[in-house]
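Right, one structure below, let's go through it.
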Amino acid sequence: MSDEGNRPDGGGQLGEGRPHDAKGTARRLWEAAGRQRWRLVVAAACAVVYVAASLGAAAYSAHVIDVLWENVQASFARGEAYAVGLGNGGREVLVYLGIWSCAWVFYSVQSLVMSSFAERLNLALRREISAKLGRLPLSYFDAHQPGDTISRATNDLDKVSEVLQRGLLQLIIAFVTLAGAVALMLLSNLVLALVFCAFAAASVAVTKVAARRTLDAAAARQDALGHLTESVEEAYSGRAVIKAFGVEDASLGAIESRAERVAATSARADFLTNAISPAIRFLVRLSQVAIGLAAGALVAAGQMSVGAFQAFFQYVTQASEPLTQLSLTVNMLQGALAAAERVFALLDAAEVSPDPEVPAELPQPVRGRVAFEHVRFGYSPDAPLMRDVSLVAEPGQKVAIVGATGAGKTTLINLLMRFYEVDGGRITLDGVDTRRLRRRDLRREFGMVLQDAWLFEGTIAENIAYGRPGATREEVEAAARAAHVDFFVRTLSQGYDTPLTDGGENVSQGQRQLLTIARAMLTDPAMLILDEATSSVDTRTEQAIVRAMEAIMENRTSFVIAHRLSTIVDADLILVMDRGTIIEQGTHESLLAKDGAYAALYRSQFA
């Protein structure tokens, strides 16, 4: 059994906001990009060219302004009205517009390429997750809540995609813009550049503190939201029980309490998120005032031209926004890396052992002789459940498994189907060790009817034909008649084309059970597994189902888990289990004669 559930990254809490290994996760995202890496390279290169063009335009604007100002002054000196032409500033204006046009083109290209990169990476990871879910053992799903796994495959991937589309390029643009603008400031005027750097250092310090608190507040909000979602889902799924016990007020109170916590944490997170930008902009405005006063003095003293003055202010403006965005963007990327880390934790979870490269073949036709030979098993190494289980089910026998809740009945079936692997001993089918078979070949020989009747969204006919998608309508209806569900289906307005919604909520529990029985009958398997197959039907329907099952179980090895002993008194072999061990086995009569555990259980039901 995997220890994934005990790992620090295995739990995948929704509220986590920081990655445990940012560099390693980023490297894995790069590797997962595969053939799409060129898109990221092209997008990054376009972003750099865009920033260079933007800064170049700002630098060139000093020359444009100076040329225009000189020509304006010359025209005024001659007493003429100034008109822009190619020879007196127009050429410089066209070059200036061309630089900005180049910046716009490269910005559009990087946005287009990056959106394709993010979505294609997202699609590749979704495909990996889809394939991974089929390779995960049941132990993984036992250790993880369904919502956690679904969140990794949906919310976390969406967050990664969204941040890659916007955040990564924002980070590149912000960093290059800030570095380039500061470099141009230093080249233009050292004193003014140092004034800006002093205010920038203060802005970074404020942003860092505020961003850390914002990230913590966002994590608290996500945690509160997860608890609220859990309460709402619980209230919806258990609405009948809640009403039956008259605890609607308590249930509503729990939801309201968690909703209030969501509101409180959201208010704090929103305040911190919205307050940081005005604070940074206030510091930037102060820096602009200080630089404006100092630069004005330089212009008045003739130490700086008007063009250089306005160009320097463009540098300040271009560097100011990255100061506001940089730390926030870094935190946004941290959140995306944390989400990606949870996705990779799912992809790294221990898988079922691979099928043999050269699988064994079952002798045909399959006879159905099943043998457990000194089987040992435990859900965890330090808590063995089965220590030495041996049994033989001969072809065509009806084997009943009885015992108290938690005795190991379902575990026995899970081992037979290889949902779990044995720790010792072996299980054979017609003399072939099941571990030498491909799982799908093994499971194809079994038909299963579980206590929890599972139906998917589709028509009744599609649900019955789930195990045999190519079955004809006549075969579907024949299976339905054998399962005593045909009459009910024909009373519906659309008959077998009636759609089932929300897991079959528009039909009763007993009718869902009958449909799953019809599904198993249609597959015509070599062996059957019935896990409390009649637990959700009334006594009269149960009798009809039992008769139908007797017909389908004829000449088939069948394993029947039952609590109602009246349904298995005719079994060829009854296994009595307790704490994972078979404590008695035999026929109904022989076990009664032993006057042991089975006899006591039988008398308790029919006293």
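In the structure tokens, each chain is lettered A, B, ... as it comes, each chain's residues begin at 1, and ligands are numbered from 1 in order of appearance.
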
Pick out the residues sitting within 7 Å of segment 558-565 of chain A, and hand them over as a ChimeraX atom specification; count only C-alpha atoms, and ignore anything fewer than 6 positions along from it in its own chain. /A:397-402,409,527-532,602

Dump all heavy atoms for the selected residues as a JSON list (two decimals), in the first residue's frame?
[["chain", "number", "residue", "atom", "x", "y", "z"],
["A", 397, "GLN", "N", -19.48, -23.95, -8.57],
["A", 397, "GLN", "CA", -19.96, -23.88, -7.19],
["A", 397, "GLN", "C", -20.45, -22.48, -6.83],
["A", 397, "GLN", "O", -19.97, -21.48, -7.36],
["A", 397, "GLN", "CB", -18.85, -24.28, -6.20],
["A", 397, "GLN", "CG", -18.65, -25.77, -6.06],
["A", 397, "GLN", "CD", -17.74, -26.10, -4.89],
["A", 397, "GLN", "OE1", -16.92, -25.28, -4.45],
["A", 397, "GLN", "NE2", -17.88, -27.29, -4.34],
["A", 398, "LYS", "N", -21.41, -22.45, -5.91],
["A", 398, "LYS", "CA", -21.87, -21.21, -5.32],
["A", 398, "LYS", "C", -21.20, -21.08, -3.96],
["A", 398, "LYS", "O", -21.47, -21.88, -3.06],
["A", 398, "LYS", "CB", -23.39, -21.20, -5.18],
["A", 398, "LYS", "CG", -23.95, -19.96, -4.49],
["A", 398, "LYS", "CD", -25.47, -20.05, -4.37],
["A", 398, "LYS", "CE", -26.05, -18.85, -3.65],
["A", 398, "LYS", "NZ", -27.53, -18.93, -3.52],
["A", 399, "VAL", "N", -20.31, -20.09, -3.84],
["A", 399, "VAL", "CA", -19.55, -19.89, -2.61],
["A", 399, "VAL", "C", -20.10, -18.66, -1.90],
["A", 399, "VAL", "O", -20.10, -17.56, -2.46],
["A", 399, "VAL", "CB", -18.05, -19.71, -2.90],
["A", 399, "VAL", "CG1", -17.28, -19.49, -1.61],
["A", 399, "VAL", "CG2", -17.51, -20.91, -3.67],
["A", 400, "ALA", "N", -20.59, -18.84, -0.70],
["A", 400, "ALA", "CA", -21.12, -17.74, 0.08],
["A", 400, "ALA", "C", -20.09, -17.30, 1.12],
["A", 400, "ALA", "O", -19.40, -18.14, 1.71],
["A", 400, "ALA", "CB", -22.42, -18.14, 0.76],
["A", 401, "ILE", "N", -20.00, -16.00, 1.34],
["A", 401, "ILE", "CA", -19.06, -15.44, 2.30],
["A", 401, "ILE", "C", -19.87, -14.66, 3.32],
["A", 401, "ILE", "O", -20.58, -13.71, 2.97],
["A", 401, "ILE", "CB", -18.03, -14.54, 1.62],
["A", 401, "ILE", "CG1", -17.39, -15.25, 0.42],
["A", 401, "ILE", "CG2", -16.96, -14.09, 2.60],
["A", 401, "ILE", "CD1", -16.54, -14.35, -0.44],
["A", 402, "VAL", "N", -19.79, -15.04, 4.58],
["A", 402, "VAL", "CA", -20.58, -14.40, 5.62],
["A", 402, "VAL", "C", -19.65, -13.99, 6.76],
["A", 402, "VAL", "O", -18.52, -14.48, 6.88],
["A", 402, "VAL", "CB", -21.70, -15.33, 6.15],
["A", 402, "VAL", "CG1", -22.64, -15.73, 5.03],
["A", 402, "VAL", "CG2", -21.10, -16.57, 6.82],
["A", 409, "LYS", "N", -14.78, -9.78, 4.26],
["A", 409, "LYS", "CA", -15.49, -10.38, 3.12],
["A", 409, "LYS", "C", -15.16, -9.66, 1.82],
["A", 409, "LYS", "O", -14.79, -10.29, 0.83],
["A", 409, "LYS", "CB", -17.00, -10.35, 3.39],
["A", 409, "LYS", "CG", -17.43, -11.03, 4.69],
["A", 409, "LYS", "CD", -18.92, -11.06, 4.85],
["A", 409, "LYS", "CE", -19.53, -9.67, 5.01],
["A", 409, "LYS", "NZ", -19.06, -8.98, 6.23],
["A", 527, "MET", "N", -17.65, -16.21, -14.34],
["A", 527, "MET", "CA", -17.84, -16.25, -12.89],
["A", 527, "MET", "C", -18.58, -14.99, -12.44],
["A", 527, "MET", "O", -18.56, -13.97, -13.14],
["A", 527, "MET", "CB", -16.47, -16.33, -12.18],
["A", 527, "MET", "CG", -15.77, -17.66, -12.38],
["A", 527, "MET", "SD", -14.00, -17.56, -12.00],
["A", 527, "MET", "CE", -13.39, -16.68, -13.43],
["A", 528, "LEU", "N", -19.21, -15.10, -11.29],
["A", 528, "LEU", "CA", -20.00, -13.98, -10.77],
["A", 528, "LEU", "C", -19.54, -13.60, -9.37],
["A", 528, "LEU", "O", -19.13, -14.47, -8.58],
["A", 528, "LEU", "CB", -21.48, -14.34, -10.71],
["A", 528, "LEU", "CG", -22.26, -14.38, -12.03],
["A", 528, "LEU", "CD1", -23.65, -14.96, -11.79],
["A", 528, "LEU", "CD2", -22.36, -12.98, -12.64],
["A", 529, "ILE", "N", -19.65, -12.30, -9.07],
["A", 529, "ILE", "CA", -19.42, -11.81, -7.71],
["A", 529, "ILE", "C", -20.62, -10.95, -7.34],
["A", 529, "ILE", "O", -20.93, -9.97, -8.03],
["A", 529, "ILE", "CB", -18.13, -10.97, -7.62],
["A", 529, "ILE", "CG1", -16.91, -11.86, -7.89],
["A", 529, "ILE", "CG2", -18.02, -10.29, -6.27],
["A", 529, "ILE", "CD1", -15.61, -11.09, -7.96],
["A", 530, "LEU", "N", -21.31, -11.33, -6.28],
["A", 530, "LEU", "CA", -22.51, -10.63, -5.85],
["A", 530, "LEU", "C", -22.27, -10.14, -4.43],
["A", 530, "LEU", "O", -22.24, -10.93, -3.49],
["A", 530, "LEU", "CB", -23.74, -11.54, -5.91],
["A", 530, "LEU", "CG", -23.95, -12.31, -7.22],
["A", 530, "LEU", "CD1", -25.12, -13.27, -7.09],
["A", 530, "LEU", "CD2", -24.17, -11.35, -8.36],
["A", 531, "ASP", "N", -22.08, -8.82, -4.29],
["A", 531, "ASP", "CA", -21.81, -8.22, -2.99],
["A", 531, "ASP", "C", -23.10, -7.60, -2.47],
["A", 531, "ASP", "O", -23.43, -6.45, -2.79],
["A", 531, "ASP", "CB", -20.72, -7.16, -3.12],
["A", 531, "ASP", "CG", -20.29, -6.62, -1.76],
["A", 531, "ASP", "OD1", -20.93, -6.97, -0.75],
["A", 531, "ASP", "OD2", -19.33, -5.83, -1.72],
["A", 532, "GLU", "N", -23.85, -8.36, -1.68],
["A", 532, "GLU", "CA", -25.12, -7.87, -1.15],
["A", 532, "GLU", "C", -25.99, -7.33, -2.28],
["A", 532, "GLU", "O", -26.55, -6.24, -2.20],
["A", 532, "GLU", "CB", -24.88, -6.79, -0.11],
["A", 532, "GLU", "CG", -24.36, -7.31, 1.20],
["A", 532, "GLU", "CD", -25.38, -8.18, 1.94],
["A", 532, "GLU", "OE1", -26.56, -7.82, 1.98],
["A", 532, "GLU", "OE2", -24.98, -9.23, 2.44],
["A", 602, "TYR", "N", -26.76, -17.85, 12.45],
["A", 602, "TYR", "CA", -28.03, -18.27, 11.85],
["A", 602, "TYR", "C", -29.16, -18.16, 12.87],
["A", 602, "TYR", "O", -30.25, -17.67, 12.57],
["A", 602, "TYR", "CB", -27.89, -19.70, 11.32],
["A", 602, "TYR", "CG", -29.11, -20.18, 10.56],
["A", 602, "TYR", "CD1", -29.31, -19.82, 9.24],
["A", 602, "TYR", "CD2", -30.05, -20.99, 11.19],
["A", 602, "TYR", "CE1", -30.43, -20.26, 8.55],
["A", 602, "TYR", "CE2", -31.17, -21.44, 10.51],
["A", 602, "TYR", "CZ", -31.36, -21.06, 9.18],
["A", 602, "TYR", "OH", -32.47, -21.50, 8.50]]

Using backbone DSSP assignments, extract all strand (DSSP E or B) residues from segment 432-510 of chain A; output them as a PyMOL selection string. chain A and resi 432-433+446-449+458-459+499-500

Non-local contacts of segment 27-30 of chain A (12 Å; only C-alpha atoms; under 2 positions in same chain excluded) as a short mmCIF file (atom, residue, chain, number, x, y, z; two decimals) with N, CA and C atoms, in the first residue's frame:
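Contents of the output file part29.cif:
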data_model
loop_
_atom_site.label_atom_id
_atom_site.label_comp_id
_atom_site.auth_asym_id
_atom_site.auth_seq_id
_atom_site.Cartn_x
_atom_site.Cartn_y
_atom_site.Cartn_z
N ASP A 21 9.31 22.71 -3.26
CA ASP A 21 10.51 22.65 -4.10
C ASP A 21 10.21 23.42 -5.38
N ALA A 22 10.36 24.74 -5.33
CA ALA A 22 9.99 25.58 -6.47
C ALA A 22 10.85 25.26 -7.70
N LYS A 23 12.16 25.12 -7.49
CA LYS A 23 13.05 24.85 -8.63
C LYS A 23 12.75 23.50 -9.26
N GLY A 24 12.55 22.49 -8.41
CA GLY A 24 12.26 21.16 -8.95
C GLY A 24 10.94 21.12 -9.69
N THR A 25 9.93 21.82 -9.17
CA THR A 25 8.63 21.86 -9.84
C THR A 25 8.72 22.60 -11.16
N ALA A 32 7.68 18.69 -18.76
CA ALA A 32 6.33 18.30 -19.21
C ALA A 32 5.92 19.06 -20.47
N ALA A 33 6.52 20.23 -20.70
CA ALA A 33 6.16 21.01 -21.89
C ALA A 33 6.51 20.27 -23.17
N GLY A 34 7.57 19.43 -23.12
CA GLY A 34 7.91 18.62 -24.27
C GLY A 34 8.14 19.44 -25.52
N ARG A 35 7.40 19.12 -26.58
CA ARG A 35 7.59 19.78 -27.87
C ARG A 35 7.08 21.22 -27.89
N GLN A 36 6.43 21.64 -26.81
CA GLN A 36 5.90 23.00 -26.77
C GLN A 36 6.89 24.00 -26.18
N ARG A 37 8.10 23.53 -25.87
CA ARG A 37 9.06 24.44 -25.25
C ARG A 37 9.42 25.61 -26.16
N TRP A 38 9.43 25.35 -27.47
CA TRP A 38 9.80 26.42 -28.38
C TRP A 38 8.86 27.61 -28.25
N ARG A 39 7.60 27.33 -27.90
CA ARG A 39 6.64 28.42 -27.73
C ARG A 39 7.06 29.33 -26.57
N LEU A 40 7.50 28.71 -25.48
CA LEU A 40 7.94 29.49 -24.33
C LEU A 40 9.18 30.31 -24.68
N VAL A 41 10.12 29.71 -25.43
CA VAL A 41 11.33 30.42 -25.83
C VAL A 41 10.98 31.60 -26.72
N PHE A 117 0.88 27.90 -25.53
CA PHE A 117 1.77 27.09 -24.70
C PHE A 117 1.08 26.61 -23.43
N ALA A 118 0.41 27.54 -22.73
CA ALA A 118 -0.23 27.19 -21.46
C ALA A 118 -1.34 26.17 -21.66
N LEU A 121 0.13 22.71 -22.62
CA LEU A 121 0.73 22.08 -21.44
C LEU A 121 -0.37 21.56 -20.52
N ASN A 122 -1.42 22.34 -20.33
CA ASN A 122 -2.55 21.94 -19.51
C ASN A 122 -3.19 20.67 -20.07
N ALA A 124 -1.77 18.40 -21.97
CA ALA A 124 -0.85 17.26 -21.80
C ALA A 124 -0.91 16.73 -20.37
N LEU A 125 -0.97 17.63 -19.39
CA LEU A 125 -1.03 17.19 -17.99
C LEU A 125 -2.38 16.52 -17.70
N LEU A 157 -4.78 22.63 -12.08
CA LEU A 157 -4.31 22.77 -13.46
C LEU A 157 -4.78 24.08 -14.08
N VAL A 160 -2.48 26.75 -12.82
CA VAL A 160 -1.19 26.71 -13.52
C VAL A 160 -1.31 27.34 -14.89
N SER A 161 -2.37 26.98 -15.62
CA SER A 161 -2.57 27.50 -16.97
C SER A 161 -2.75 29.01 -16.96
N LEU A 164 0.57 30.76 -16.10
CA LEU A 164 1.54 30.65 -17.18
C LEU A 164 1.19 31.59 -18.33
N ALA A 336 1.09 29.14 -8.30
CA ALA A 336 0.98 28.23 -9.45
C ALA A 336 1.93 27.05 -9.29
N LEU A 337 3.14 27.31 -8.79
CA LEU A 337 4.09 26.22 -8.58
C LEU A 337 3.60 25.27 -7.49
N ALA A 338 2.95 25.84 -6.45
CA ALA A 338 2.38 24.98 -5.41
C ALA A 338 1.27 24.11 -6.00
N ALA A 339 0.44 24.70 -6.89
CA ALA A 339 -0.61 23.92 -7.55
C ALA A 339 -0.01 22.84 -8.44
N ALA A 340 1.05 23.21 -9.19
CA ALA A 340 1.72 22.22 -10.04
C ALA A 340 2.34 21.12 -9.21
N GLU A 341 2.86 21.48 -8.04
CA GLU A 341 3.47 20.49 -7.15
C GLU A 341 2.43 19.47 -6.70
N VAL A 343 -0.21 18.64 -8.42
CA VAL A 343 -0.49 17.82 -9.60
C VAL A 343 0.59 16.75 -9.75
N PHE A 344 1.85 17.13 -9.60
CA PHE A 344 2.94 16.16 -9.75
C PHE A 344 2.93 15.14 -8.61
N ALA A 345 2.46 15.54 -7.42
CA ALA A 345 2.33 14.57 -6.33
C ALA A 345 1.35 13.48 -6.72
N LEU A 347 0.71 12.61 -9.89
CA LEU A 347 1.35 11.83 -10.96
C LEU A 347 2.47 10.94 -10.44
N ASP A 348 3.04 11.29 -9.25
CA ASP A 348 4.12 10.49 -8.67
C ASP A 348 3.63 9.42 -7.71
#

Surrounding residues of segment 438-446 of chain A excluding itself and chain neighbours under 6 positions, 9 Å, only C-alpha atoms, as a short mmCIF file (atom, residue, chain, number, x, y, z; two decimals) with all heavy atoms, in the first residue's frame:
data_model
loop_
_atom_site.label_atom_id
_atom_site.label_comp_id
_atom_site.auth_asym_id
_atom_site.auth_seq_id
_atom_site.Cartn_x
_atom_site.Cartn_y
_atom_site.Cartn_z
N PRO A 354 3.01 -3.34 -12.61
CA PRO A 354 2.68 -3.51 -14.03
C PRO A 354 2.30 -4.95 -14.36
O PRO A 354 2.71 -5.90 -13.68
CB PRO A 354 3.98 -3.10 -14.73
CG PRO A 354 5.05 -3.31 -13.72
CD PRO A 354 4.43 -3.02 -12.38
N ASP A 355 1.50 -5.09 -15.39
CA ASP A 355 1.16 -6.42 -15.87
C ASP A 355 2.42 -7.10 -16.42
O ASP A 355 3.36 -6.42 -16.87
CB ASP A 355 0.11 -6.34 -16.99
CG ASP A 355 -1.28 -6.02 -16.45
OD1 ASP A 355 -1.58 -6.43 -15.33
OD2 ASP A 355 -2.06 -5.37 -17.17
N PRO A 356 2.47 -8.43 -16.37
CA PRO A 356 3.66 -9.13 -16.89
C PRO A 356 3.87 -8.84 -18.37
O PRO A 356 2.91 -8.68 -19.12
CB PRO A 356 3.34 -10.61 -16.63
CG PRO A 356 1.86 -10.66 -16.46
CD PRO A 356 1.45 -9.37 -15.86
N PRO A 359 2.25 -12.15 -20.58
CA PRO A 359 1.19 -12.65 -19.70
C PRO A 359 0.82 -14.09 -20.01
O PRO A 359 0.97 -14.57 -21.14
CB PRO A 359 0.02 -11.71 -19.99
CG PRO A 359 0.27 -11.23 -21.38
CD PRO A 359 1.76 -11.15 -21.53
N ALA A 360 0.36 -14.76 -18.97
CA ALA A 360 -0.13 -16.13 -19.15
C ALA A 360 -1.51 -16.09 -19.80
O ALA A 360 -2.21 -15.08 -19.77
CB ALA A 360 -0.20 -16.84 -17.80
N GLU A 361 -1.89 -17.20 -20.40
CA GLU A 361 -3.20 -17.33 -21.03
C GLU A 361 -4.03 -18.34 -20.25
O GLU A 361 -3.53 -19.41 -19.86
CB GLU A 361 -3.06 -17.79 -22.49
CG GLU A 361 -2.32 -16.80 -23.38
CD GLU A 361 -3.11 -15.55 -23.67
OE1 GLU A 361 -4.36 -15.60 -23.52
OE2 GLU A 361 -2.50 -14.51 -24.02
N LEU A 362 -5.29 -18.00 -20.02
CA LEU A 362 -6.19 -18.95 -19.35
C LEU A 362 -6.61 -20.03 -20.33
O LEU A 362 -6.86 -19.75 -21.51
CB LEU A 362 -7.43 -18.22 -18.83
CG LEU A 362 -7.23 -17.34 -17.60
CD1 LEU A 362 -8.49 -16.50 -17.36
CD2 LEU A 362 -6.92 -18.19 -16.38
N VAL A 366 -12.89 -21.10 -19.94
CA VAL A 366 -12.56 -20.97 -18.53
C VAL A 366 -13.52 -21.81 -17.70
O VAL A 366 -14.74 -21.69 -17.83
CB VAL A 366 -12.63 -19.48 -18.10
CG1 VAL A 366 -12.42 -19.35 -16.60
CG2 VAL A 366 -11.59 -18.66 -18.86
N GLY A 368 -13.41 -21.99 -14.16
CA GLY A 368 -13.80 -21.25 -12.98
C GLY A 368 -13.38 -21.88 -11.67
O GLY A 368 -14.05 -21.68 -10.66
N MET A 417 -10.06 -10.07 -7.41
CA MET A 417 -10.10 -9.24 -8.62
C MET A 417 -8.80 -8.47 -8.85
O MET A 417 -8.69 -7.71 -9.80
CB MET A 417 -11.26 -8.24 -8.49
CG MET A 417 -12.63 -8.88 -8.47
SD MET A 417 -13.09 -9.57 -10.06
CE MET A 417 -13.41 -8.08 -10.99
N ARG A 418 -7.85 -8.63 -7.93
CA ARG A 418 -6.57 -7.93 -7.99
C ARG A 418 -6.74 -6.42 -7.90
O ARG A 418 -5.99 -5.66 -8.50
CB ARG A 418 -5.78 -8.30 -9.26
CG ARG A 418 -5.16 -9.68 -9.20
CD ARG A 418 -4.18 -9.89 -10.33
NE ARG A 418 -2.99 -9.07 -10.16
CZ ARG A 418 -2.07 -8.90 -11.12
NH1 ARG A 418 -2.21 -9.50 -12.29
NH2 ARG A 418 -1.01 -8.15 -10.89
N PHE A 419 -7.74 -5.99 -7.13
CA PHE A 419 -7.80 -4.58 -6.77
C PHE A 419 -6.69 -4.27 -5.77
O PHE A 419 -6.23 -3.14 -5.67
CB PHE A 419 -9.16 -4.23 -6.18
CG PHE A 419 -10.30 -4.34 -7.17
CD1 PHE A 419 -11.56 -4.73 -6.76
CD2 PHE A 419 -10.10 -4.07 -8.51
CE1 PHE A 419 -12.61 -4.83 -7.66
CE2 PHE A 419 -11.14 -4.16 -9.42
CZ PHE A 419 -12.39 -4.54 -8.99
N LEU A 429 -6.52 -19.19 -10.80
CA LEU A 429 -7.76 -19.40 -11.57
C LEU A 429 -7.46 -20.47 -12.61
O LEU A 429 -6.61 -20.27 -13.49
CB LEU A 429 -8.19 -18.09 -12.24
CG LEU A 429 -9.38 -18.18 -13.20
CD1 LEU A 429 -10.61 -18.74 -12.51
CD2 LEU A 429 -9.69 -16.82 -13.81
N ALA A 520 -24.81 -7.00 -15.26
CA ALA A 520 -23.95 -8.17 -15.06
C ALA A 520 -24.44 -9.35 -15.88
O ALA A 520 -23.64 -10.12 -16.44
CB ALA A 520 -23.90 -8.53 -13.58
N THR A 523 -23.31 -9.33 -19.61
CA THR A 523 -21.91 -9.64 -19.96
C THR A 523 -21.67 -11.14 -20.09
O THR A 523 -20.66 -11.56 -20.66
CB THR A 523 -20.96 -9.08 -18.89
OG1 THR A 523 -21.28 -9.65 -17.61
CG2 THR A 523 -21.06 -7.57 -18.82
N ASP A 524 -22.58 -11.96 -19.54
CA ASP A 524 -22.47 -13.42 -19.64
C ASP A 524 -21.07 -13.90 -19.21
O ASP A 524 -20.35 -14.53 -19.98
CB ASP A 524 -22.76 -13.88 -21.06
CG ASP A 524 -22.96 -15.41 -21.13
OD1 ASP A 524 -23.34 -16.00 -20.11
OD2 ASP A 524 -22.72 -15.97 -22.21
N PRO A 525 -20.65 -13.59 -17.97
CA PRO A 525 -19.28 -13.90 -17.55
C PRO A 525 -19.13 -15.37 -17.16
O PRO A 525 -20.10 -16.09 -16.95
CB PRO A 525 -19.09 -13.00 -16.34
CG PRO A 525 -20.47 -12.92 -15.75
CD PRO A 525 -21.43 -12.95 -16.90
N ALA A 526 -17.86 -15.78 -17.03
CA ALA A 526 -17.59 -17.15 -16.59
C ALA A 526 -17.84 -17.30 -15.10
O ALA A 526 -18.18 -18.39 -14.63
CB ALA A 526 -16.15 -17.53 -16.92
N MET A 527 -17.65 -16.21 -14.34
CA MET A 527 -17.84 -16.25 -12.89
C MET A 527 -18.58 -14.99 -12.44
O MET A 527 -18.56 -13.97 -13.14
CB MET A 527 -16.47 -16.33 -12.18
CG MET A 527 -15.77 -17.66 -12.38
SD MET A 527 -14.00 -17.56 -12.00
CE MET A 527 -13.39 -16.68 -13.43
N LEU A 528 -19.21 -15.10 -11.29
CA LEU A 528 -20.00 -13.98 -10.77
C LEU A 528 -19.54 -13.60 -9.37
O LEU A 528 -19.13 -14.47 -8.58
CB LEU A 528 -21.48 -14.34 -10.71
CG LEU A 528 -22.26 -14.38 -12.03
CD1 LEU A 528 -23.65 -14.96 -11.79
CD2 LEU A 528 -22.36 -12.98 -12.64
N ILE A 529 -19.65 -12.30 -9.07
CA ILE A 529 -19.42 -11.81 -7.71
C ILE A 529 -20.62 -10.95 -7.34
O ILE A 529 -20.93 -9.97 -8.03
CB ILE A 529 -18.13 -10.97 -7.62
CG1 ILE A 529 -16.91 -11.86 -7.89
CG2 ILE A 529 -18.02 -10.29 -6.27
CD1 ILE A 529 -15.61 -11.09 -7.96
#

Give the alpha helix (DSSP H) residues of segment 61-90 of chain A, as DSSP finds them on the backbone, and put them as a list in words.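 Reading the DSSP output for segment 61-90 of chain A, alpha helix (DSSP H) covers Ser61, Ala62, His63, Val64, Ile65, Asp66, Val67, Leu68, Trp69, Glu70, Asn71, Val72, Gln73, Ala74, Ser75, Phe76, Ala77, Arg78 and Gly90 of chain A.
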
Expected file contents, prior selection, N, CA and C atoms, as a compact mmCIF listing (two decimals), in the first residue's frame:
# COMPACT_ATOMS: atom_id res chain seq x y z
N SER A 61 12.74 59.21 -27.38
CA SER A 61 11.84 60.36 -27.24
C SER A 61 12.60 61.62 -26.81
N ALA A 62 13.72 61.44 -26.08
CA ALA A 62 14.51 62.60 -25.68
C ALA A 62 15.05 63.33 -26.91
N HIS A 63 15.52 62.54 -27.89
CA HIS A 63 16.02 63.14 -29.13
C HIS A 63 14.89 63.80 -29.91
N VAL A 64 13.72 63.14 -29.95
CA VAL A 64 12.58 63.69 -30.68
C VAL A 64 12.17 65.03 -30.08
N ILE A 65 12.03 65.07 -28.77
CA ILE A 65 11.62 66.30 -28.11
C ILE A 65 12.64 67.42 -28.33
N ASP A 66 13.92 67.08 -28.23
CA ASP A 66 14.95 68.11 -28.42
C ASP A 66 14.92 68.65 -29.85
N VAL A 67 14.76 67.73 -30.84
CA VAL A 67 14.70 68.19 -32.24
C VAL A 67 13.48 69.08 -32.46
N LEU A 68 12.34 68.67 -31.98
CA LEU A 68 11.13 69.46 -32.14
C LEU A 68 11.27 70.81 -31.45
N TRP A 69 11.84 70.78 -30.23
CA TRP A 69 11.98 72.04 -29.47
C TRP A 69 12.93 73.01 -30.19
N GLU A 70 13.99 72.49 -30.75
CA GLU A 70 14.93 73.34 -31.49
C GLU A 70 14.25 73.96 -32.71
N ASN A 71 13.47 73.14 -33.44
CA ASN A 71 12.80 73.65 -34.64
C ASN A 71 11.70 74.63 -34.29
N VAL A 72 11.01 74.40 -33.18
CA VAL A 72 9.99 75.35 -32.74
C VAL A 72 10.63 76.69 -32.38
N GLN A 73 11.75 76.64 -31.64
CA GLN A 73 12.42 77.87 -31.26
C GLN A 73 12.96 78.61 -32.49
N ALA A 74 13.48 77.85 -33.46
CA ALA A 74 14.00 78.47 -34.69
C ALA A 74 12.88 79.14 -35.48
N SER A 75 11.72 78.50 -35.55
CA SER A 75 10.58 79.07 -36.27
C SER A 75 10.09 80.34 -35.59
N PHE A 76 10.05 80.32 -34.27
CA PHE A 76 9.61 81.50 -33.54
C PHE A 76 10.61 82.65 -33.74
N ALA A 77 11.90 82.29 -33.79
CA ALA A 77 12.92 83.33 -33.97
C ALA A 77 12.79 84.00 -35.34
N ARG A 78 12.35 83.23 -36.36
CA ARG A 78 12.15 83.78 -37.70
C ARG A 78 10.77 84.42 -37.84
N GLY A 90 9.74 65.66 -38.43
CA GLY A 90 8.76 64.65 -38.83
C GLY A 90 9.37 63.27 -38.96

Hey, could you make a per-residue contact list for segment 224-291 of chain A against segment 185-205 of chain A with 8 Å as the cut-off, showing the nearest pair of atoms and its distance in Å to one decimal, counting only C-alpha atoms, sorted by chain and number, as a tab-separated table?
residue	atom	partner	partner_atom	distance
A:Ile280	CA	A:Ser203	CA	5.7
A:Leu283	CA	A:Ser203	CA	6.5
A:Val284	CA	A:Phe199	CA	7.0
A:Ser287	CA	A:Phe196	CA	6.0
A:Gln288	CA	A:Phe196	CA	8.0
A:Ala290	CA	A:Val195	CA	7.7
A:Ile291	CA	A:Leu192	CA	6.1

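For Ile242 of chain A, the non-local neighbours within 9 Å, defined as residues at least 6 positions apart in the same chain or in other chains and counting only C-alpha atoms, are Ala235, Glu248 and Ser251 of chain A.
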
When distances are computed from only C-alpha atoms, which of A:Arg481, A:Arg342, A:His20, A:His588 shows the smallest separation from Val576 of chain A?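 Looking only at the distances to Val576 of chain A, the closest residue turns out to be A:His588.
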
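Candidate residues A:Thr177, A:Gln318, A:Thr581, A:Gln605 were compared for distance to Arg387 of chain A, and the nearest is A:Thr581, using only C-alpha atoms.
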